[in-house]
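Data first, discussion second: the structure below is written as structure tokens.
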Amino acid sequence: LQERMCVRPTSETLFCDFYAKEIQSYRDLPKMYNQWCSVVRWEKETRPFLRSREFLWQEGHTAHATAEESKERTEQMLNLYADFCEQVLAMPVIRGQKTEKEKFAGAEATYTIEALMHDGKALQSGTSHNFGDGFARAFGIQYTDKENKLQYVHQTSWGMTTRLIGAIIMVHGDDNGLVLPPMIAPTQVIVIPIAQHKEGVLEKAEELKNRLSGFRVKLDATDNKPGWKFAEAEMRGIPVRVEIGPKDIEANQAVLARRDTGEKIVVSLDELETKVDELLKQIQSDMFEKARAHRDAHTYVATNYDEFKDIIANKPGFVKAMWCGDRACEDKIKEETTATSRCMPFAQEHLSDVCVCCGRPAKKMVYWGKAY
């Protein structure tokens, strides 16, 4: 080719090539870059959103003067991802470190957030890698420190992908379609007029839409029947539906319907903006708690191998079990049960003294599960 072309899974080597030319002195550090781009994965079996051959993602790359700064940045980004999932997507996650077998090749440590989907399968939802100075040594990325000595930089990378769209669908969705957390719903409120052919109804609905302009709001003034409009709003996952008809206008009220529970609430039109605001915040909180309750109800403890195999075979979800740290046990578990180590959580628990697989002294508590 006349120009160099790179088909790549991630950008570490490209950034290393760039850093080697760009970084000369301690004054050049830290270097911090974030990019949105498409990357390639040679998946044997693709799944919409979750495992596609090419996907859009956000990836960050940083270079630091010290190992401490590098570690701090790796942990900071993992916590940022976890907070985003929990506070914005209403999706609870387990924060932890990947085992040596599962970590990024060439990294000193890989940190991960793991979520549980509605069908009991695990989904890696974001990762943050601390490379130490390994890549810097391979690519010759050095800087002159304050004492005029050559040092290698310490690097990190971290990423999150459009896989999270799949996670939102699977964690919150139901048989009627999407259920979107209010904080990310493109339309938070939809106003639906009832008997809109009657005098004043459509005008009143338009008025309510304008009053709710502080939210992401739409008015469905199409000629479809109200039942059709309800079903479409449900399918699209719109968090709150405002119904207004001739009887409601007469009574100075509207009906608010929640997408997440289906519950209907009658509110005075005088309090409409306040009640909608309160309801959106309540839905956001309730969706997170519901997802967390589902995850906790599908998280099991195994203290011996027979128990572990039985749970993996018959109960979808996470299994917490102790591990000796030996790769052989991890390989055996994957081969015999198809479950993989999801992470060694930062919040460690002492479930027993011995490894669930081999019975030797345990070193870490690990979350295990079948994954996408």
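Residues in the structure tokens are named by chain (A, B, ... in the order shown) and by number from 1 within that chain; ligands are numbered from 1 in the order shown.
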
| request: From the DSSP assignment of the backbone, select every residue of range 143-356 of chain A that is helix (DSSP H, G or I), and format the answer as number ranges by chain. | output: A: 163-172, 201-211, 226-235, 246-250, 269-297, 305-314, 327-337

| task | Name all residues at most 7 Å from range 161-167 of chain A (count only C-alpha atoms; drop same-chain ones fewer than 2 positions away) and give them as an MDAnalysis selection string. | result | chainID A and resid 49:50 55:58 117 125 159 169:171

| query | If you measure from CA of Asn224 in chain A to CA of Leu202 in chain A, what distance in Å do you get, rounded to one decimal? | reply |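 Computing it gives 13.6 Å between the two atoms.
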
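The nearest approach to Glu102 in chain A among the residues A:Tyr152, A:Leu351, A:Thr127, A:Pro30, with only C-alpha atoms taken into account, belongs to A:Thr127.
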
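Close contacts of Asp145 in chain A, defined as residues with an atom at most 10 Å away when counting only C-alpha atoms, with chain neighbours fewer than 2 positions off set aside, comprise Gln24, Ser25, Tyr26, Arg27, Ala65, Gln142, Tyr143, Glu147, Asn148, Lys149, Leu150, Gln151 and Tyr152 of chain A.
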
| message | Which residues are near range 35-44 of chain A? Cut-off 8 Å, only C-alpha atoms, ignore same chain within fewer than 3 positions. Put them as an NGL selection string. | response | :A and (7-10 or 51-60)

Go ahead and save the picked residues with all heavy atoms, as a tab-separated table (two decimals), in the first residue's frame.
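Result file is result_36.tsv:
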chain	number	residue	atom	x	y	z
A	7	VAL	N	-5.14	-2.34	10.77
A	7	VAL	CA	-6.42	-2.88	11.24
A	7	VAL	C	-6.15	-3.38	12.65
A	7	VAL	O	-5.34	-4.28	12.85
A	7	VAL	CB	-6.89	-4.05	10.34
A	7	VAL	CG1	-8.20	-4.61	10.86
A	7	VAL	CG2	-7.05	-3.57	8.91
A	8	ARG	N	-6.81	-2.77	13.64
A	8	ARG	CA	-6.34	-3.00	15.00
A	8	ARG	C	-7.47	-3.29	15.98
A	8	ARG	O	-8.59	-2.82	15.81
A	8	ARG	CB	-5.57	-1.77	15.47
A	8	ARG	CG	-6.44	-0.55	15.51
A	8	ARG	CD	-5.63	0.72	15.49
A	8	ARG	NE	-6.48	1.83	15.12
A	8	ARG	CZ	-7.33	2.42	15.93
A	8	ARG	NH1	-7.43	2.02	17.18
A	8	ARG	NH2	-8.09	3.41	15.53
A	9	PRO	N	-7.16	-4.05	17.01
A	9	PRO	CA	-8.14	-4.25	18.07
A	9	PRO	C	-8.13	-3.10	19.07
A	9	PRO	O	-9.15	-2.73	19.60
A	9	PRO	CB	-7.68	-5.55	18.74
A	9	PRO	CG	-6.22	-5.62	18.46
A	9	PRO	CD	-5.97	-4.90	17.17
A	10	THR	N	-6.97	-2.50	19.33
A	10	THR	CA	-6.85	-1.36	20.24
A	10	THR	C	-5.68	-0.50	19.77
A	10	THR	O	-4.93	-0.89	18.88
A	10	THR	CB	-6.58	-1.82	21.70
A	10	THR	OG1	-5.43	-2.65	21.70
A	10	THR	CG2	-7.74	-2.60	22.28
A	51	ARG	N	-21.03	-8.46	20.80
A	51	ARG	CA	-19.82	-8.98	20.16
A	51	ARG	C	-19.97	-8.83	18.64
A	51	ARG	O	-20.50	-9.71	17.97
A	51	ARG	CB	-19.60	-10.46	20.51
A	51	ARG	CG	-19.16	-10.67	21.94
A	51	ARG	CD	-18.59	-12.07	22.17
A	51	ARG	NE	-17.96	-12.17	23.48
A	51	ARG	CZ	-16.75	-11.78	23.77
A	51	ARG	NH1	-15.99	-11.23	22.84
A	51	ARG	NH2	-16.26	-11.92	24.98
A	52	SER	N	-19.51	-7.70	18.14
A	52	SER	CA	-19.57	-7.48	16.70
A	52	SER	C	-18.14	-7.37	16.15
A	52	SER	O	-17.21	-7.09	16.90
A	52	SER	CB	-20.40	-6.23	16.37
A	52	SER	OG	-20.04	-5.18	17.22
A	53	ARG	N	-18.00	-7.57	14.87
A	53	ARG	CA	-16.66	-7.58	14.27
A	53	ARG	C	-16.01	-6.20	14.33
A	53	ARG	O	-14.81	-6.07	14.38
A	53	ARG	CB	-16.74	-8.06	12.81
A	53	ARG	CG	-17.01	-9.56	12.69
A	53	ARG	CD	-15.72	-10.36	12.69
A	53	ARG	NE	-15.99	-11.78	12.75
A	53	ARG	CZ	-16.02	-12.58	11.69
A	53	ARG	NH1	-15.86	-12.07	10.49
A	53	ARG	NH2	-16.25	-13.86	11.82
A	54	GLU	N	-16.87	-5.17	14.26
A	54	GLU	CA	-16.35	-3.80	14.36
A	54	GLU	C	-17.30	-3.01	15.25
A	54	GLU	O	-18.52	-3.15	15.14
A	54	GLU	CB	-16.27	-3.16	12.97
A	54	GLU	CG	-15.68	-1.76	13.00
A	54	GLU	CD	-15.63	-1.10	11.63
A	54	GLU	OE1	-15.93	-1.80	10.64
A	54	GLU	OE2	-15.30	0.08	11.56
A	55	PHE	N	-16.76	-2.23	16.15
A	55	PHE	CA	-17.63	-1.45	17.03
A	55	PHE	C	-16.99	-0.10	17.37
A	55	PHE	O	-15.78	0.07	17.27
A	55	PHE	CB	-17.97	-2.22	18.31
A	55	PHE	CG	-16.78	-2.67	19.10
A	55	PHE	CD1	-16.12	-1.81	19.96
A	55	PHE	CD2	-16.30	-3.98	18.99
A	55	PHE	CE1	-15.02	-2.23	20.70
A	55	PHE	CE2	-15.20	-4.41	19.71
A	55	PHE	CZ	-14.56	-3.53	20.58
A	56	LEU	N	-17.86	0.81	17.75
A	56	LEU	CA	-17.41	2.13	18.18
A	56	LEU	C	-17.11	2.09	19.67
A	56	LEU	O	-17.85	1.47	20.43
A	56	LEU	CB	-18.50	3.17	17.90
A	56	LEU	CG	-18.21	4.60	18.38
A	56	LEU	CD1	-17.10	5.24	17.56
A	56	LEU	CD2	-19.47	5.45	18.32
A	57	TRP	N	-16.04	2.73	20.06
A	57	TRP	CA	-15.76	2.81	21.49
A	57	TRP	C	-15.01	4.08	21.82
A	57	TRP	O	-14.58	4.83	20.95
A	57	TRP	CB	-15.02	1.57	22.00
A	57	TRP	CG	-13.56	1.48	21.73
A	57	TRP	CD1	-12.82	2.20	20.83
A	57	TRP	CD2	-12.63	0.60	22.39
A	57	TRP	NE1	-11.50	1.82	20.88
A	57	TRP	CE2	-11.35	0.85	21.83
A	57	TRP	CE3	-12.75	-0.34	23.39
A	57	TRP	CZ2	-10.22	0.16	22.24
A	57	TRP	CZ3	-11.61	-1.02	23.81
A	57	TRP	CH2	-10.38	-0.78	23.24
A	58	GLN	N	-14.89	4.30	23.12
A	58	GLN	CA	-14.08	5.38	23.66
A	58	GLN	C	-12.87	4.73	24.28
A	58	GLN	O	-13.00	3.75	25.02
A	58	GLN	CB	-14.92	6.15	24.69
A	58	GLN	CG	-14.12	6.97	25.68
A	58	GLN	CD	-13.68	6.16	26.88
A	58	GLN	OE1	-14.41	5.31	27.38
A	58	GLN	NE2	-12.47	6.40	27.34
A	59	GLU	N	-11.69	5.22	23.93
A	59	GLU	CA	-10.49	4.67	24.56
A	59	GLU	C	-9.58	5.80	25.00
A	59	GLU	O	-9.38	6.78	24.28
A	59	GLU	CB	-9.75	3.68	23.65
A	59	GLU	CG	-9.31	4.24	22.32
A	59	GLU	CD	-8.49	3.23	21.51
A	59	GLU	OE1	-7.66	2.52	22.09
A	59	GLU	OE2	-8.67	3.18	20.28
A	60	GLY	N	-9.04	5.67	26.19
A	60	GLY	CA	-8.12	6.67	26.73
A	60	GLY	C	-6.73	6.08	26.85
A	60	GLY	O	-6.57	4.88	27.12

| Residue contacts of range 68-75 of chain A (7 Å, only C-alpha atoms) excluding same-chain residues fewer than 3 positions away, as a list in words |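 With the cut-off at 7 Å, the set is His64, Leu78, Asn79, Ser128, His129, Asn130, His154, Gln155 and Thr156 of chain A.
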
Please write the residues from the selection above to a file, keeping N, CA and C atoms, as a PDB file, in the first residue's frame.
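What follows is the written file selection.pdb:
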ATOM      1  N   HIS A  64       2.727   8.679  32.130  1.00  0.00           N
ATOM      2  CA  HIS A  64       3.042   9.364  33.384  1.00  0.00           C
ATOM      3  C   HIS A  64       4.516   9.203  33.743  1.00  0.00           C
ATOM      4  N   LEU A  78     -11.481   3.469  36.332  1.00  0.00           N
ATOM      5  CA  LEU A  78     -12.400   2.376  36.626  1.00  0.00           C
ATOM      6  C   LEU A  78     -13.554   2.878  37.489  1.00  0.00           C
ATOM      7  N   ASN A  79     -13.249   3.679  38.493  1.00  0.00           N
ATOM      8  CA  ASN A  79     -14.298   4.209  39.366  1.00  0.00           C
ATOM      9  C   ASN A  79     -15.226   5.148  38.604  1.00  0.00           C
ATOM     10  N   SER A 128      -9.887  -1.008  32.669  1.00  0.00           N
ATOM     11  CA  SER A 128      -8.828  -0.010  32.836  1.00  0.00           C
ATOM     12  C   SER A 128      -7.525  -0.764  33.088  1.00  0.00           C
ATOM     13  N   HIS A 129      -6.504  -0.465  32.294  1.00  0.00           N
ATOM     14  CA  HIS A 129      -5.252  -1.225  32.350  1.00  0.00           C
ATOM     15  C   HIS A 129      -4.087  -0.368  32.830  1.00  0.00           C
ATOM     16  N   ASN A 130      -3.322  -0.920  33.749  1.00  0.00           N
ATOM     17  CA  ASN A 130      -2.075  -0.278  34.178  1.00  0.00           C
ATOM     18  C   ASN A 130      -0.921  -1.031  33.516  1.00  0.00           C
ATOM     19  N   HIS A 154       5.416   5.553  32.488  1.00  0.00           N
ATOM     20  CA  HIS A 154       4.450   4.547  32.941  1.00  0.00           C
ATOM     21  C   HIS A 154       3.121   4.867  32.267  1.00  0.00           C
ATOM     22  N   GLN A 155       2.478   3.836  31.705  1.00  0.00           N
ATOM     23  CA  GLN A 155       1.302   4.081  30.861  1.00  0.00           C
ATOM     24  C   GLN A 155       0.032   3.394  31.382  1.00  0.00           C
ATOM     25  N   THR A 156      -1.101   3.947  30.917  1.00  0.00           N
ATOM     26  CA  THR A 156      -2.403   3.316  31.181  1.00  0.00           C
ATOM     27  C   THR A 156      -3.221   3.353  29.892  1.00  0.00           C
TER      28      THR A 156
END

| request: Just the residues within 7 Å of Val242 in chain A, please, counting only C-alpha atoms, with nothing from its chain fewer than 5 positions along; format it as JSON, numbers by chain. | output: {"A": [190, 191, 192, 254, 255, 256, 257]}

Generate a file of the selected residues that holds all heavy atoms, formatted as an mmCIF file, in the first residue's frame.
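Resulting contents of again-v1.cif:
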data_model
loop_
_atom_site.group_PDB
_atom_site.id
_atom_site.type_symbol
_atom_site.label_atom_id
_atom_site.label_comp_id
_atom_site.auth_asym_id
_atom_site.auth_seq_id
_atom_site.Cartn_x
_atom_site.Cartn_y
_atom_site.Cartn_z
ATOM 1 N N ILE A 190 -43.598 11.668 27.353
ATOM 2 C CA ILE A 190 -44.418 11.796 26.152
ATOM 3 C C ILE A 190 -45.840 12.162 26.569
ATOM 4 O O ILE A 190 -46.402 11.555 27.488
ATOM 5 C CB ILE A 190 -44.394 10.516 25.291
ATOM 6 C CG1 ILE A 190 -45.146 10.759 23.994
ATOM 7 C CG2 ILE A 190 -44.955 9.302 26.019
ATOM 8 C CD1 ILE A 190 -44.626 9.984 22.809
ATOM 9 N N VAL A 191 -46.378 13.179 25.932
ATOM 10 C CA VAL A 191 -47.746 13.623 26.214
ATOM 11 C C VAL A 191 -48.667 12.990 25.186
ATOM 12 O O VAL A 191 -48.451 13.132 23.965
ATOM 13 C CB VAL A 191 -47.854 15.166 26.155
ATOM 14 C CG1 VAL A 191 -49.289 15.610 26.455
ATOM 15 C CG2 VAL A 191 -46.880 15.807 27.133
ATOM 16 N N ILE A 192 -49.688 12.283 25.669
ATOM 17 C CA ILE A 192 -50.613 11.602 24.762
ATOM 18 C C ILE A 192 -52.039 12.105 25.021
ATOM 19 O O ILE A 192 -52.599 11.878 26.103
ATOM 20 C CB ILE A 192 -50.537 10.071 24.931
ATOM 21 C CG1 ILE A 192 -49.130 9.594 24.519
ATOM 22 C CG2 ILE A 192 -51.620 9.378 24.102
ATOM 23 C CD1 ILE A 192 -48.913 8.107 24.594
ATOM 24 N N ALA A 254 -54.101 15.318 35.265
ATOM 25 C CA ALA A 254 -53.541 14.478 34.203
ATOM 26 C C ALA A 254 -53.163 13.142 34.825
ATOM 27 O O ALA A 254 -53.013 13.033 36.050
ATOM 28 C CB ALA A 254 -52.313 15.135 33.584
ATOM 29 N N VAL A 255 -53.027 12.141 33.993
ATOM 30 C CA VAL A 255 -52.611 10.814 34.470
ATOM 31 C C VAL A 255 -51.159 10.599 34.048
ATOM 32 O O VAL A 255 -50.824 10.742 32.871
ATOM 33 C CB VAL A 255 -53.508 9.702 33.889
ATOM 34 C CG1 VAL A 255 -52.999 8.327 34.330
ATOM 35 C CG2 VAL A 255 -54.961 9.905 34.307
ATOM 36 N N LEU A 256 -50.293 10.268 35.021
ATOM 37 C CA LEU A 256 -48.902 9.944 34.736
ATOM 38 C C LEU A 256 -48.730 8.426 34.817
ATOM 39 O O LEU A 256 -49.129 7.817 35.813
ATOM 40 C CB LEU A 256 -47.954 10.610 35.743
ATOM 41 C CG LEU A 256 -48.045 12.132 35.907
ATOM 42 C CD1 LEU A 256 -46.956 12.624 36.855
ATOM 43 C CD2 LEU A 256 -47.933 12.837 34.567
ATOM 44 N N ALA A 257 -48.161 7.832 33.757
ATOM 45 C CA ALA A 257 -47.932 6.385 33.745
ATOM 46 C C ALA A 257 -46.429 6.114 33.730
ATOM 47 O O ALA A 257 -45.686 6.710 32.939
ATOM 48 C CB ALA A 257 -48.590 5.747 32.535
#

| query | So which one's closest to Phe346 in chain A, A:Phe131, A:Ala136, A:Ile94, A:Leu178? Using only C-alpha atoms, please. | reply |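 Of A:Phe131, A:Ala136, A:Ile94, A:Leu178, the one nearest Phe346 in chain A is A:Ile94, counting only C-alpha atoms.
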
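Comparing the minimum interatomic distances between Lys98 in chain A and each of A:Thr340, A:Gln196, A:Thr299, A:Thr66, counting only C-alpha atoms, we find that A:Thr340 sits nearest.
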
| field | Pick from A:Glu206, A:Ile265, A:Glu336, A:Glu271, whichever lies nearest to Ala313 in chain A using only C-alpha atoms | value | A:Glu336

| So, counting only C-alpha atoms, which residue among A:Pro246, A:Gly126, A:Gly227, A:Gly214 is closest to Val189 in chain A? | A:Gly214

| message | List the spatial neighbours of Ile311 in chain A as a PyMOL selection string - criterion: any atom at most 12 Å away, only C-alpha atoms, same-chain residues fewer than 3 positions off excluded. | response | chain A and resi 120+298-308+314-321+337+339+368-370

| query | Which residue gives the smallest distance to Glu86 in chain A among A:Glu203, A:Asp260, A:Glu100, A:Glu114, with only C-alpha atoms counted? | reply | A:Glu114

| task | In Å, rounded to a single decimal, give me how far CA of Leu219 in chain A is from CA of Ala90 in chain A. | result |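 Distance reported for this atom pair: 26.1 Å.
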
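Interatomic distance, CA of Ile249 in chain A against CA of Met183 in chain A: 29.5 Å.
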
| task | Select from range 142-305 of chain A everything DSSP, run on the backbone, classes as strand (DSSP E or B), then give the selection as number ranges by chain. | result | A: 142-144, 150-152, 154-161, 174, 177, 189-193, 217-219, 240-244, 253-258, 264-268, 299-301

Write the residues of the selection above to a file with N, CA and C atoms, as a CSV table (one decimal), in the first residue's frame.
chain,number,residue,atom,x,y,z
A,142,GLN,N,11.2,7.2,26.5
A,142,GLN,CA,11.9,7.7,27.6
A,142,GLN,C,11.8,9.2,27.7
A,143,TYR,N,12.1,9.7,28.9
A,143,TYR,CA,12.1,11.2,29.2
A,143,TYR,C,13.3,11.5,30.1
A,144,THR,N,13.7,12.7,30.0
A,144,THR,CA,14.8,13.2,30.9
A,144,THR,C,14.1,13.8,32.2
A,150,LEU,N,17.7,9.7,32.2
A,150,LEU,CA,16.7,9.1,31.3
A,150,LEU,C,15.8,8.1,32.1
A,151,GLN,N,14.5,8.2,32.0
A,151,GLN,CA,13.6,7.3,32.7
A,151,GLN,C,12.6,6.8,31.7
A,152,TYR,N,12.0,5.7,32.0
A,152,TYR,CA,10.9,5.2,31.1
A,152,TYR,C,9.6,5.7,31.7
A,154,HIS,N,5.4,5.6,32.5
A,154,HIS,CA,4.4,4.5,32.9
A,154,HIS,C,3.1,4.9,32.3
A,155,GLN,N,2.5,3.8,31.7
A,155,GLN,CA,1.3,4.1,30.9
A,155,GLN,C,0.0,3.4,31.4
A,156,THR,N,-1.1,3.9,30.9
A,156,THR,CA,-2.4,3.3,31.2
A,156,THR,C,-3.2,3.4,29.9
A,157,SER,N,-4.2,2.5,29.8
A,157,SER,CA,-5.3,2.7,28.8
A,157,SER,C,-6.6,2.2,29.4
A,158,TRP,N,-7.7,2.7,28.9
A,158,TRP,CA,-9.0,2.3,29.5
A,158,TRP,C,-10.1,2.5,28.4
A,159,GLY,N,-11.1,1.7,28.4
A,159,GLY,CA,-12.1,1.8,27.4
A,159,GLY,C,-13.5,1.3,27.8
A,160,MET,N,-14.5,1.9,27.0
A,160,MET,CA,-15.9,1.5,27.2
A,160,MET,C,-16.5,1.5,25.8
A,161,THR,N,-17.4,0.6,25.5
A,161,THR,CA,-17.9,0.5,24.1
A,161,THR,C,-19.4,0.6,24.0
A,174,ASP,N,-38.0,-5.4,29.0
A,174,ASP,CA,-39.0,-6.4,29.3
A,174,ASP,C,-39.7,-6.9,28.0
A,177,GLY,N,-40.6,-4.2,25.4
A,177,GLY,CA,-39.6,-3.4,24.7
A,177,GLY,C,-38.6,-2.8,25.7
A,189,VAL,N,-40.4,12.2,28.6
A,189,VAL,CA,-41.8,12.4,28.8
A,189,VAL,C,-42.5,12.4,27.5
A,190,ILE,N,-43.6,11.7,27.4
A,190,ILE,CA,-44.4,11.8,26.2
A,190,ILE,C,-45.8,12.2,26.6
A,191,VAL,N,-46.4,13.2,25.9
A,191,VAL,CA,-47.7,13.6,26.2
A,191,VAL,C,-48.7,13.0,25.2
A,192,ILE,N,-49.7,12.3,25.7
A,192,ILE,CA,-50.6,11.6,24.8
A,192,ILE,C,-52.0,12.1,25.0
A,193,PRO,N,-52.6,12.8,24.0
A,193,PRO,CA,-54.0,13.3,24.2
A,193,PRO,C,-55.0,12.1,24.0
A,217,VAL,N,-39.1,16.2,26.1
A,217,VAL,CA,-40.5,15.9,26.0
A,217,VAL,C,-41.0,15.9,24.5
A,218,LYS,N,-42.0,15.0,24.2
A,218,LYS,CA,-42.6,15.0,22.9
A,218,LYS,C,-44.1,14.9,23.1
A,219,LEU,N,-44.8,15.3,22.1
A,219,LEU,CA,-46.3,15.2,22.0
A,219,LEU,C,-46.6,14.3,20.9
A,240,VAL,N,-41.9,8.3,31.3
A,240,VAL,CA,-43.1,8.8,31.8
A,240,VAL,C,-44.1,9.2,30.7
A,241,ARG,N,-45.3,8.7,30.8
A,241,ARG,CA,-46.4,9.0,29.8
A,241,ARG,C,-47.4,9.9,30.5
A,242,VAL,N,-47.7,11.1,29.9
A,242,VAL,CA,-48.7,12.0,30.4
A,242,VAL,C,-50.0,11.8,29.6
A,243,GLU,N,-51.1,11.4,30.2
A,243,GLU,CA,-52.3,11.2,29.5
A,243,GLU,C,-53.3,12.4,29.8
A,244,ILE,N,-53.9,13.0,28.8
A,244,ILE,CA,-54.8,14.1,29.1
A,244,ILE,C,-56.0,14.0,28.2
A,253,GLN,N,-56.7,17.8,35.9
A,253,GLN,CA,-55.7,16.8,36.3
A,253,GLN,C,-55.1,16.1,35.1
A,254,ALA,N,-54.1,15.3,35.3
A,254,ALA,CA,-53.5,14.5,34.2
A,254,ALA,C,-53.2,13.1,34.8
A,255,VAL,N,-53.0,12.1,34.0
A,255,VAL,CA,-52.6,10.8,34.5
A,255,VAL,C,-51.2,10.6,34.0
A,256,LEU,N,-50.3,10.3,35.0
A,256,LEU,CA,-48.9,9.9,34.7
A,256,LEU,C,-48.7,8.4,34.8
A,257,ALA,N,-48.2,7.8,33.8
A,257,ALA,CA,-47.9,6.4,33.7
A,257,ALA,C,-46.4,6.1,33.7
A,258,ARG,N,-46.0,5.2,34.6
A,258,ARG,CA,-44.6,4.9,34.7
A,258,ARG,C,-44.3,3.7,33.7
A,264,LYS,N,-50.0,3.9,37.4
A,264,LYS,CA,-50.6,5.2,37.0
A,264,LYS,C,-50.9,6.0,38.2
A,265,ILE,N,-50.6,7.3,38.0
A,265,ILE,CA,-50.8,8.3,39.1
A,265,ILE,C,-51.6,9.5,38.6
A,266,VAL,N,-52.6,9.9,39.3
A,266,VAL,CA,-53.4,11.1,38.9
A,266,VAL,C,-52.8,12.3,39.7
A,267,VAL,N,-52.5,13.3,38.9
A,267,VAL,CA,-51.9,14.5,39.5
A,267,VAL,C,-52.6,15.8,39.1
A,268,SER,N,-52.6,16.7,40.0
A,268,SER,CA,-53.2,18.0,39.6
A,268,SER,C,-52.3,18.7,38.6
A,299,THR,N,-26.7,-14.2,42.9
A,299,THR,CA,-25.3,-14.3,43.3
A,299,THR,C,-25.2,-15.4,44.4
A,300,TYR,N,-24.5,-16.4,44.1
A,300,TYR,CA,-24.5,-17.6,45.0
A,300,TYR,C,-23.1,-17.8,45.6
A,301,VAL,N,-23.0,-18.6,46.7
A,301,VAL,CA,-21.7,-18.9,47.3
A,301,VAL,C,-21.5,-20.4,47.2
